[in-house]
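S.K.: Next comes the structure file model20.cif, holding mmCIF, C-alpha atoms.
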```cif
data_entry
#
loop_
_atom_site.label_atom_id
_atom_site.label_comp_id
_atom_site.auth_asym_id
_atom_site.auth_seq_id
_atom_site.Cartn_x
_atom_site.Cartn_y
_atom_site.Cartn_z
CA MET A 1 -10.02 -32.63 22.83
CA THR A 2 -8.68 -29.34 21.51
CA GLY A 3 -10.27 -25.96 22.12
CA ILE A 4 -9.53 -22.55 20.58
CA TYR A 5 -10.41 -19.48 22.61
CA SER A 6 -10.43 -15.85 21.46
CA ASP A 7 -9.13 -12.70 23.11
CA PRO A 8 -11.31 -11.40 25.97
CA ARG A 9 -9.61 -7.98 26.16
CA ILE A 10 -11.60 -4.88 25.28
CA GLY A 11 -11.04 -1.13 25.45
CA PRO A 12 -8.05 1.20 24.86
CA THR A 13 -5.11 1.35 27.26
CA PRO A 14 -3.00 4.51 27.56
CA ALA A 15 0.79 4.50 27.31
CA VAL A 16 2.80 4.32 30.53
CA ALA A 17 4.88 7.32 31.59
CA PHE A 18 8.12 6.24 33.24
CA SER A 19 9.28 7.77 36.49
CA GLU A 20 12.38 9.97 36.44
CA THR A 21 14.34 7.15 38.07
CA THR A 22 13.45 4.55 35.44
CA GLN A 23 14.02 6.95 32.55
CA ARG A 24 17.46 7.85 33.92
CA ILE A 25 18.44 4.19 34.26
CA LEU A 26 17.31 3.32 30.72
CA ASP A 27 18.94 6.46 29.28
CA THR A 28 22.21 5.40 30.93
CA ILE A 29 22.08 1.97 29.28
CA HIS A 30 21.33 3.56 25.90
CA SER A 31 24.29 5.90 26.42
CA LEU A 32 26.59 2.95 27.07
CA ILE A 33 25.32 1.33 23.86
CA ASN A 34 25.61 4.45 21.69
CA ASN A 35 28.96 5.58 23.04
CA GLU A 36 31.17 3.08 24.90
CA LEU A 37 29.97 0.00 23.01
CA GLU A 38 30.46 1.76 19.69
CA THR A 39 34.03 2.61 20.69
CA ILE A 40 34.71 -0.96 21.81
CA GLY A 41 33.53 -2.19 18.42
CA ALA A 42 35.76 0.27 16.57
CA THR A 43 38.70 -0.66 18.81
CA PHE A 44 38.15 -4.34 18.13
CA ARG A 45 38.06 -3.86 14.36
CA GLN A 46 41.26 -1.80 14.43
CA MET A 47 42.98 -4.49 16.49
CA VAL A 48 41.84 -7.17 14.04
CA GLU A 49 43.15 -5.17 11.10
CA THR A 50 46.51 -4.81 12.88
CA ASP A 51 46.74 -8.49 13.90
CA LEU A 52 45.87 -9.70 10.40
CA GLU A 53 48.13 -7.11 8.73
CA PHE A 54 45.45 -5.47 6.61
CA GLU A 55 46.62 -2.99 3.99
CA PRO A 56 45.97 0.65 5.04
CA GLU A 57 43.16 1.01 2.50
CA ASP A 58 41.46 -2.22 3.63
CA LYS A 59 38.91 -1.88 6.40
CA LEU A 60 36.48 -4.27 8.04
CA PRO A 61 32.78 -3.32 7.69
CA GLU A 62 31.55 -1.39 10.72
CA SER A 63 29.05 -4.15 11.46
CA THR A 64 31.79 -6.79 11.85
CA LYS A 65 31.57 -8.80 15.07
CA TYR A 66 33.92 -11.44 16.42
CA THR A 67 31.62 -14.21 15.19
CA ASP A 68 31.72 -12.80 11.64
CA LEU A 69 35.38 -13.70 11.30
CA THR A 70 36.50 -16.95 9.70
CA ASN A 71 38.17 -19.63 11.78
CA GLU A 72 41.47 -18.82 10.09
CA GLN A 73 41.13 -15.14 10.97
CA MET A 74 40.26 -15.98 14.58
CA ARG A 75 43.40 -18.08 14.90
CA GLY A 76 45.46 -15.07 13.82
CA LEU A 77 44.18 -12.81 16.60
CA SER A 78 46.02 -11.91 19.77
CA GLU A 79 44.44 -12.80 23.10
CA GLU A 80 43.78 -9.11 23.74
CA THR A 81 41.93 -8.74 20.43
CA ARG A 82 39.81 -11.80 21.17
CA ASP A 83 38.98 -10.33 24.59
CA ALA A 84 37.82 -7.09 22.95
CA GLY A 85 35.70 -8.95 20.40
CA LEU A 86 34.07 -11.19 22.99
CA LEU A 87 33.41 -8.22 25.27
CA GLU A 88 31.64 -6.37 22.44
CA LEU A 89 29.61 -9.47 21.61
CA LYS A 90 28.59 -10.14 25.22
CA PHE A 91 27.71 -6.53 25.99
CA SER A 92 25.68 -6.28 22.77
CA ILE A 93 23.56 -9.24 23.90
CA ILE A 94 23.20 -8.07 27.51
CA SER A 95 22.36 -4.49 26.55
CA ALA A 96 19.77 -5.66 24.00
CA LEU A 97 18.03 -7.58 26.80
CA ALA A 98 18.35 -4.57 29.10
CA THR A 99 16.55 -2.29 26.62
CA GLN A 100 13.97 -4.73 25.26
CA ASP A 101 10.51 -3.51 24.37
CA ALA A 102 7.45 -4.81 22.56
CA ALA A 103 9.10 -4.31 19.17
CA SER A 104 12.22 -6.30 20.05
CA LEU A 105 10.11 -9.08 21.61
CA LYS A 106 7.97 -9.51 18.49
CA GLY A 107 7.70 -13.18 17.56
CA ALA A 108 9.63 -14.37 20.62
CA GLY A 109 8.27 -16.97 23.00
CA SER A 110 8.79 -19.16 26.01
CA ILE A 111 8.32 -22.83 26.86
CA LEU A 112 6.99 -23.68 30.31
CA PHE A 113 7.25 -27.19 31.74
CA GLY A 114 5.24 -28.47 34.69
CA GLU A 115 1.80 -29.26 36.01
CA LYS A 116 1.60 -25.91 37.84
CA TYR A 117 1.58 -24.15 34.46
CA VAL A 118 -1.06 -26.54 33.11
CA GLU A 119 -3.29 -25.51 36.00
CA MET A 120 -2.82 -21.78 35.44
CA SER A 121 -5.56 -19.72 33.81
CA THR A 122 -4.76 -17.54 30.81
CA GLU A 123 -4.62 -14.48 33.06
CA GLU A 124 -2.20 -16.21 35.44
CA LEU A 125 0.05 -17.34 32.58
CA VAL A 126 0.15 -13.84 31.15
CA GLU A 127 1.00 -12.29 34.51
CA TYR A 128 3.67 -14.94 35.15
CA GLN A 129 5.25 -14.30 31.74
CA ILE A 130 5.19 -10.53 32.14
CA ASN A 131 6.91 -10.82 35.52
CA THR A 132 9.50 -13.17 34.04
CA LEU A 133 10.24 -10.76 31.19
CA VAL A 134 10.62 -7.84 33.58
CA ASP A 135 12.83 -9.79 35.98
CA GLY A 136 15.03 -10.82 33.06
CA GLN A 137 15.31 -7.23 31.86
CA ILE A 138 16.25 -5.96 35.32
CA GLY A 139 18.86 -8.71 35.62
CA ALA A 140 20.32 -7.64 32.25
CA ILE A 141 20.41 -3.98 33.35
CA LYS A 142 22.32 -4.95 36.49
CA LYS A 143 24.75 -7.03 34.43
CA ALA A 144 25.28 -4.21 31.90
CA VAL A 145 26.11 -1.80 34.71
CA GLU A 146 28.46 -4.33 36.28
CA MET A 147 30.23 -4.91 32.95
CA SER A 148 30.61 -1.17 32.34
CA ARG A 149 32.64 -0.93 35.54
CA GLY A 150 35.02 -3.71 34.52
CA GLU A 151 38.68 -3.17 33.64
CA ASP A 152 38.37 -4.49 30.07
CA PHE A 153 35.29 -2.35 29.35
CA ILE A 154 37.07 0.78 30.56
CA THR A 155 40.24 -0.09 28.63
CA PHE A 156 38.62 -0.95 25.30
CA SER A 157 36.20 2.01 25.45
CA GLU A 158 38.97 4.51 26.07
CA GLY A 159 38.68 7.46 23.71
CA THR A 160 34.88 7.54 23.66
CA ARG A 161 33.87 11.02 22.46
CA ASP A 162 30.91 11.40 24.79
CA PRO A 163 31.60 9.01 27.67
CA THR A 164 28.79 7.93 29.95
CA GLY A 165 31.15 7.87 32.89
CA VAL A 166 31.10 5.64 35.93
CA VAL A 167 27.68 4.09 36.43
CA ASP A 168 26.67 3.38 40.01
CA SER A 169 24.90 0.15 40.90
CA MET A 170 21.18 0.52 41.47
CA THR A 171 19.89 0.83 45.01
CA GLU A 172 17.11 -1.46 46.23
CA GLU A 173 14.69 1.45 46.03
CA GLU A 174 15.67 2.18 42.41
CA VAL A 175 15.19 -1.49 41.49
CA GLU A 176 11.70 -1.48 42.97
CA ILE A 177 10.75 1.71 41.09
CA LEU A 178 12.19 0.29 37.87
CA ARG A 179 10.34 -2.99 38.33
CA SER A 180 7.03 -1.23 39.00
CA ASP A 181 7.39 0.91 35.86
CA LEU A 182 8.43 -1.97 33.60
CA LEU A 183 5.58 -4.15 34.86
CA ALA A 184 3.11 -1.35 34.14
CA GLN A 185 4.58 -0.95 30.65
CA ARG A 186 4.39 -4.66 29.79
CA ARG A 187 0.84 -4.96 31.14
CA ALA A 188 -0.24 -1.96 29.07
CA GLU A 189 1.45 -3.39 25.96
CA TYR A 190 -0.37 -6.67 26.54
CA LYS A 191 -3.74 -4.97 26.93
CA ARG A 192 -3.19 -3.01 23.71
CA GLY A 193 -2.28 -6.23 21.88
CA GLU A 194 1.28 -5.03 21.21
CA LEU A 195 3.12 -7.79 23.09
CA ASP A 196 3.55 -10.34 20.29
CA PHE A 197 4.91 -13.11 22.49
CA ASN A 198 3.98 -16.80 22.48
CA ILE A 199 3.64 -18.98 25.56
CA ASN A 200 3.85 -22.75 25.10
CA VAL A 201 2.91 -25.00 27.99
CA PHE A 202 3.83 -28.65 28.46
CA ALA A 203 2.88 -30.80 31.45
CA SER A 204 6.51 -31.95 31.72
CA THR A 205 9.80 -32.08 29.85
CA HIS A 206 8.77 -35.60 28.82
CA ALA A 207 5.61 -34.23 27.23
CA ALA A 208 7.77 -31.75 25.31
CA ASN A 209 10.10 -34.53 24.19
CA TYR A 210 7.07 -36.36 22.77
CA ASP A 211 5.62 -33.13 21.26
CA LYS A 212 2.53 -33.28 23.48
CA ILE A 213 1.83 -29.60 23.97
CA HIS A 214 -0.99 -28.69 26.33
CA LYS A 215 -1.54 -25.00 25.59
CA THR A 216 -0.32 -22.25 23.30
CA LEU A 217 -1.13 -18.63 23.98
CA ASN A 218 -0.42 -15.71 21.68
CA MET A 219 -0.22 -12.63 23.90
CA ALA A 220 -0.82 -10.24 21.00
CA THR A 221 -4.07 -11.73 19.75
CA GLY A 222 -5.08 -13.48 22.95
CA GLU A 223 -5.81 -16.64 20.96
CA THR A 224 -5.38 -19.75 23.09
CA VAL A 225 -5.26 -23.32 21.84
CA VAL A 226 -5.75 -25.98 24.50
CA ASN A 227 -5.33 -29.73 24.11
CA GLU A 228 -7.13 -31.17 27.13
CA ALA A 229 -5.63 -34.63 26.53
CA ASN A 230 -2.07 -33.45 27.17
CA THR A 231 -2.21 -32.83 30.90
CA VAL A 232 -0.21 -35.85 32.11
CA VAL A 233 3.50 -36.00 32.88
CA PHE A 234 4.05 -39.19 30.86
CA ASP A 235 2.00 -41.69 28.88
CA GLU A 236 3.33 -45.07 27.76
CA ALA A 237 1.21 -44.80 24.62
CA TRP A 238 3.22 -41.82 23.38
CA GLU A 239 5.63 -42.35 20.49
CA LEU A 240 8.69 -40.32 19.63
CA SER A 241 8.77 -38.62 16.24
CA ALA A 242 11.44 -39.78 13.81
CA ARG A 243 13.44 -36.61 14.47
CA LYS A 244 13.27 -36.97 18.25
CA LYS A 245 14.06 -40.68 18.00
CA ALA A 246 17.28 -39.88 16.13
CA SER A 247 18.19 -37.22 18.68
CA PHE A 248 17.70 -39.51 21.66
CA GLN A 249 19.66 -42.29 19.98
CA ARG A 250 22.65 -39.95 19.98
CA LEU A 251 22.04 -39.03 23.61
CA LEU A 252 21.23 -42.41 25.14
CA ILE A 253 22.83 -45.20 23.13
CA GLY A 254 26.45 -45.77 24.05
CA GLU A 255 28.84 -46.42 26.90
CA GLY A 256 30.30 -43.95 29.31
CA GLU A 257 29.37 -41.30 31.83
CA PHE A 258 27.74 -39.04 29.24
CA PHE A 259 25.11 -41.65 28.33
CA GLU A 260 24.65 -42.80 31.94
CA ASP A 261 23.97 -39.23 33.08
CA ASN A 262 21.42 -38.71 30.31
CA LEU A 263 19.58 -41.89 31.25
CA GLU A 264 19.61 -40.90 34.91
CA ARG A 265 17.97 -37.57 34.07
CA LEU A 266 15.03 -39.44 32.53
CA GLY A 267 14.37 -41.17 35.86
CA VAL A 268 11.76 -43.91 35.94
CA TYR A 269 10.89 -43.30 32.29
CA ALA A 270 14.36 -44.16 30.92
CA GLU A 271 13.32 -47.69 29.92
CA GLU A 272 10.31 -46.32 28.00
CA TYR A 273 12.58 -44.00 26.03
CA LEU A 274 14.93 -46.87 25.18
CA ARG A 275 12.01 -49.02 24.02
CA ASP A 276 10.68 -46.19 21.85
CA ILE A 277 14.10 -45.65 20.30
CA ALA A 278 14.42 -49.34 19.48
CA SER A 279 10.92 -49.65 18.00
#
```
How does the structure come out when it is put into structure tokens?

M.R.:
Amino acid sequence: MTGIYSDPRIGPTPAVAFSETTQRILDTIHSLINNELETIGATFRQMVETDLEFEPEDKLPESTKYTDLTNEQMRGLSEETRDAGLLELKFSIISALATQDAASLKGAGSILFGEKYVEMSTEELVEYQINTLVDGQIGAIKKAVEMSRGEDFITFSEGTRDPTGVVDSMTEEEVEILRSDLLAQRRAEYKRGELDFNINVFASTHAANYDKIHKTLNMATGETVVNEANTVVFDEAWELSARKKASFQRLLIGEGEFFEDNLERLGVYAEEYLRDIAS
């Protein structure tokens, strides 16, 4: 049985004003992005142009990242140039997570596996997801600060016009203030219908493998689709889709430690998977 439930939220929710501590922390991350990271990117492109012996009039586009280069170009880079390119790429990803907001999360989603999530109410799932998003953002902020203090970051960002300077690690008190503010922001975004994020719940990884989703929740609209039949960890009546069957054939059929480990991860249901693949 499948049920579709609408959004129970009503009423306007005001925007959240960050504390001075939180605003300072976020401004620092933005400064690292707009200044040091920009310099690292320019340094990397100059190093690439030197390694690959570009003509003086030839320049890489300013948007060029390490992954934009061809395999042949990558092979022609020095180790130092590769380090600069990978640093820019990694810090770009980390800093994007550190400064995420409702706009950057639009259309994103999560997949939750386990009976405890099946048993959660919509309100509990939303609160769990909001806490997870905030914890992930705080972790990214800590990592960005840590990276900014590294030798390579300092070396490759040398010459920054408006340097952010040395960034101190956050104190426990600052982390708590930051967490409280970010939680308030995400909750307000959710209540205003701005958090366009999808939660997908499966009773187990096996249920996901067999495409037996239990619940989907769109946090922007509040629409929830529940399939009451998909609450079990495994059902022998399930059948793998053709696509999943092909995938598991590559993972399970063969000799060697790789295949043995994959079968072991399936536990008591390994034989069922093998039968489904062979059918």

S.K.: Which residues match the PyMOL selection byres ((chain A and resi 181) around 8) in the file above, as an MDAnalysis selection string?

M.R.: chainID A and resid 16 18:19 22 177:180 182:185

S.K.: Each residue of range 56-121 of chain A with at least one atom at most 10 Å from range 223-242 of chain A should appear once, together with its nearest atom pair and the corresponding distance in Å (one decimal); atoms considered: all atoms listed in the file; ordering: chain, then increasing residue number; output as a tab-separated table.

M.R.:
```
residue	atom	partner	partner_atom	distance
A:Phe113	CA	A:Val233	CA	9.6
A:Gly114	CA	A:Val233	CA	7.9
A:Glu115	CA	A:Thr231	CA	7.4
A:Val118	CA	A:Thr231	CA	6.8
A:Glu119	CA	A:Thr231	CA	9.0
```

S.K.: Tell me which residues the PyMOL selection byres ((chain A and resi 193) around 9) grabs here, as a compact mmCIF listing (two decimals) with C-alpha atoms, keeping the file's coordinate frame.

M.R.:
```
# COMPACT_ATOMS: atom_id res chain seq x y z
CA ARG A 9 -9.61 -7.98 26.16
CA ALA A 188 -0.24 -1.96 29.07
CA GLU A 189 1.45 -3.39 25.96
CA TYR A 190 -0.37 -6.67 26.54
CA LYS A 191 -3.74 -4.97 26.93
CA ARG A 192 -3.19 -3.01 23.71
CA GLU A 194 1.28 -5.03 21.21
CA LEU A 195 3.12 -7.79 23.09
CA ASP A 196 3.55 -10.34 20.29
CA MET A 219 -0.22 -12.63 23.90
CA ALA A 220 -0.82 -10.24 21.00
CA THR A 221 -4.07 -11.73 19.75
CA GLY A 222 -5.08 -13.48 22.95
```

S.K.: Do you know which residues are at most 12 Å from Met74 in chain A counting all atoms listed in the file, after dropping those on the same chain fewer than 2 positions away, and could you put them as an NGL selection string?

M.R.: :A and (47-49 or 51-52 or 65-72 or 76-83 or 85-86)

S.K.: How about saving the chosen residues, C-alpha atoms kept, as a CSV table (one decimal), in the coordinates of the input?

M.R.:
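Heads up, here's the output in result.csv:
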```
chain,number,residue,atom,x,y,z
A,47,MET,CA,43.0,-4.5,16.5
A,48,VAL,CA,41.8,-7.2,14.0
A,49,GLU,CA,43.2,-5.2,11.1
A,51,ASP,CA,46.7,-8.5,13.9
A,52,LEU,CA,45.9,-9.7,10.4
A,65,LYS,CA,31.6,-8.8,15.1
A,66,TYR,CA,33.9,-11.4,16.4
A,67,THR,CA,31.6,-14.2,15.2
A,68,ASP,CA,31.7,-12.8,11.6
A,69,LEU,CA,35.4,-13.7,11.3
A,70,THR,CA,36.5,-17.0,9.7
A,71,ASN,CA,38.2,-19.6,11.8
A,72,GLU,CA,41.5,-18.8,10.1
A,76,GLY,CA,45.5,-15.1,13.8
A,77,LEU,CA,44.2,-12.8,16.6
A,78,SER,CA,46.0,-11.9,19.8
A,79,GLU,CA,44.4,-12.8,23.1
A,80,GLU,CA,43.8,-9.1,23.7
A,81,THR,CA,41.9,-8.7,20.4
A,82,ARG,CA,39.8,-11.8,21.2
A,83,ASP,CA,39.0,-10.3,24.6
A,85,GLY,CA,35.7,-9.0,20.4
A,86,LEU,CA,34.1,-11.2,23.0
```

S.K.: Of the candidates A:Asp135, A:Glu176, A:Ser148, A:Ala203, which shows the shortest atom-to-atom distance to Pro163 in chain A, using only C-alpha atoms?

M.R.: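 Among A:Asp135, A:Glu176, A:Ser148, A:Ala203, it is A:Ser148 that comes nearest to Pro163 in chain A.
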
S.K.: Just to confirm, what's the straight-line distance from CA of Leu217 in chain A to CA of Thr132 in chain A in Å (one decimal)?

M.R.: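 So the answer is 15.6 Å.
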
S.K.: Can you spell out as a compact mmCIF listing (two decimals) with C-alpha atoms, keeping the file's coordinate frame the set of residues that the PyMOL selection byres ((chain A and resi 198) around 6) selects in the structure I just provided?

M.R.:
```txt
# COMPACT_ATOMS: atom_id res chain seq x y z
CA GLY A 109 8.27 -16.97 23.00
CA PHE A 197 4.91 -13.11 22.49
CA ILE A 199 3.64 -18.98 25.56
CA LEU A 217 -1.13 -18.63 23.98
CA ASN A 218 -0.42 -15.71 21.68
```

S.K.: What is the CA of Gln46 in chain A-CA of Leu89 in chain A distance in Å, reported with one decimal?

M.R.: 15.7 Å

S.K.: Expressed in Å to a single decimal, how great is the separation between CA of Asn34 in chain A and CA of Thr164 in chain A?

M.R.: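 Separation between CA of Asn34 in chain A and CA of Thr164 in chain A: 9.5 Å.
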
S.K.: Pick the closest to Ser247 in chain A from A:Thr99, A:Ser110, A:Thr21, A:Asn209: which is it, counting all atoms listed in the file?

M.R.: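 For Ser247 in chain A, the nearest of the candidates is A:Asn209.
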
S.K.: For a quick check of understanding, using all atoms listed in the file, which of A:Glu38, A:Glu88, A:Asp58, A:Glu123 has the smallest distance to Met147 in chain A?

M.R.: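 Using all atoms listed in the file, Met147 in chain A sits closest to A:Glu88.
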
S.K.: For Ile253 in chain A, find every residue with an atom within 10 Å (counting only C-alpha atoms), except residues of its own chain fewer than 5 positions away, and show them as a PyMOL selection string.

M.R.: chain A and resi 248+258-260+262-263+274+277

S.K.: Hey, can you spit out that residue selection with C-alpha atoms as an mmCIF file, in the frame of the given file?

M.R.:
```cif
data_model
loop_
_atom_site.group_PDB
_atom_site.id
_atom_site.type_symbol
_atom_site.label_atom_id
_atom_site.label_comp_id
_atom_site.auth_asym_id
_atom_site.auth_seq_id
_atom_site.Cartn_x
_atom_site.Cartn_y
_atom_site.Cartn_z
ATOM 1 C CA PHE A 248 17.700 -39.510 21.660
ATOM 2 C CA PHE A 258 27.740 -39.040 29.240
ATOM 3 C CA PHE A 259 25.110 -41.650 28.330
ATOM 4 C CA GLU A 260 24.650 -42.800 31.940
ATOM 5 C CA ASN A 262 21.420 -38.710 30.310
ATOM 6 C CA LEU A 263 19.580 -41.890 31.250
ATOM 7 C CA LEU A 274 14.930 -46.870 25.180
ATOM 8 C CA ILE A 277 14.100 -45.650 20.300
#
```

S.K.: My list of candidates is A:Gln129, A:Asn200, A:Gly267, A:Gln249. Which is closest to Lys212 in chain A when distances are computed with all atoms listed in the file?

M.R.: A:Asn200
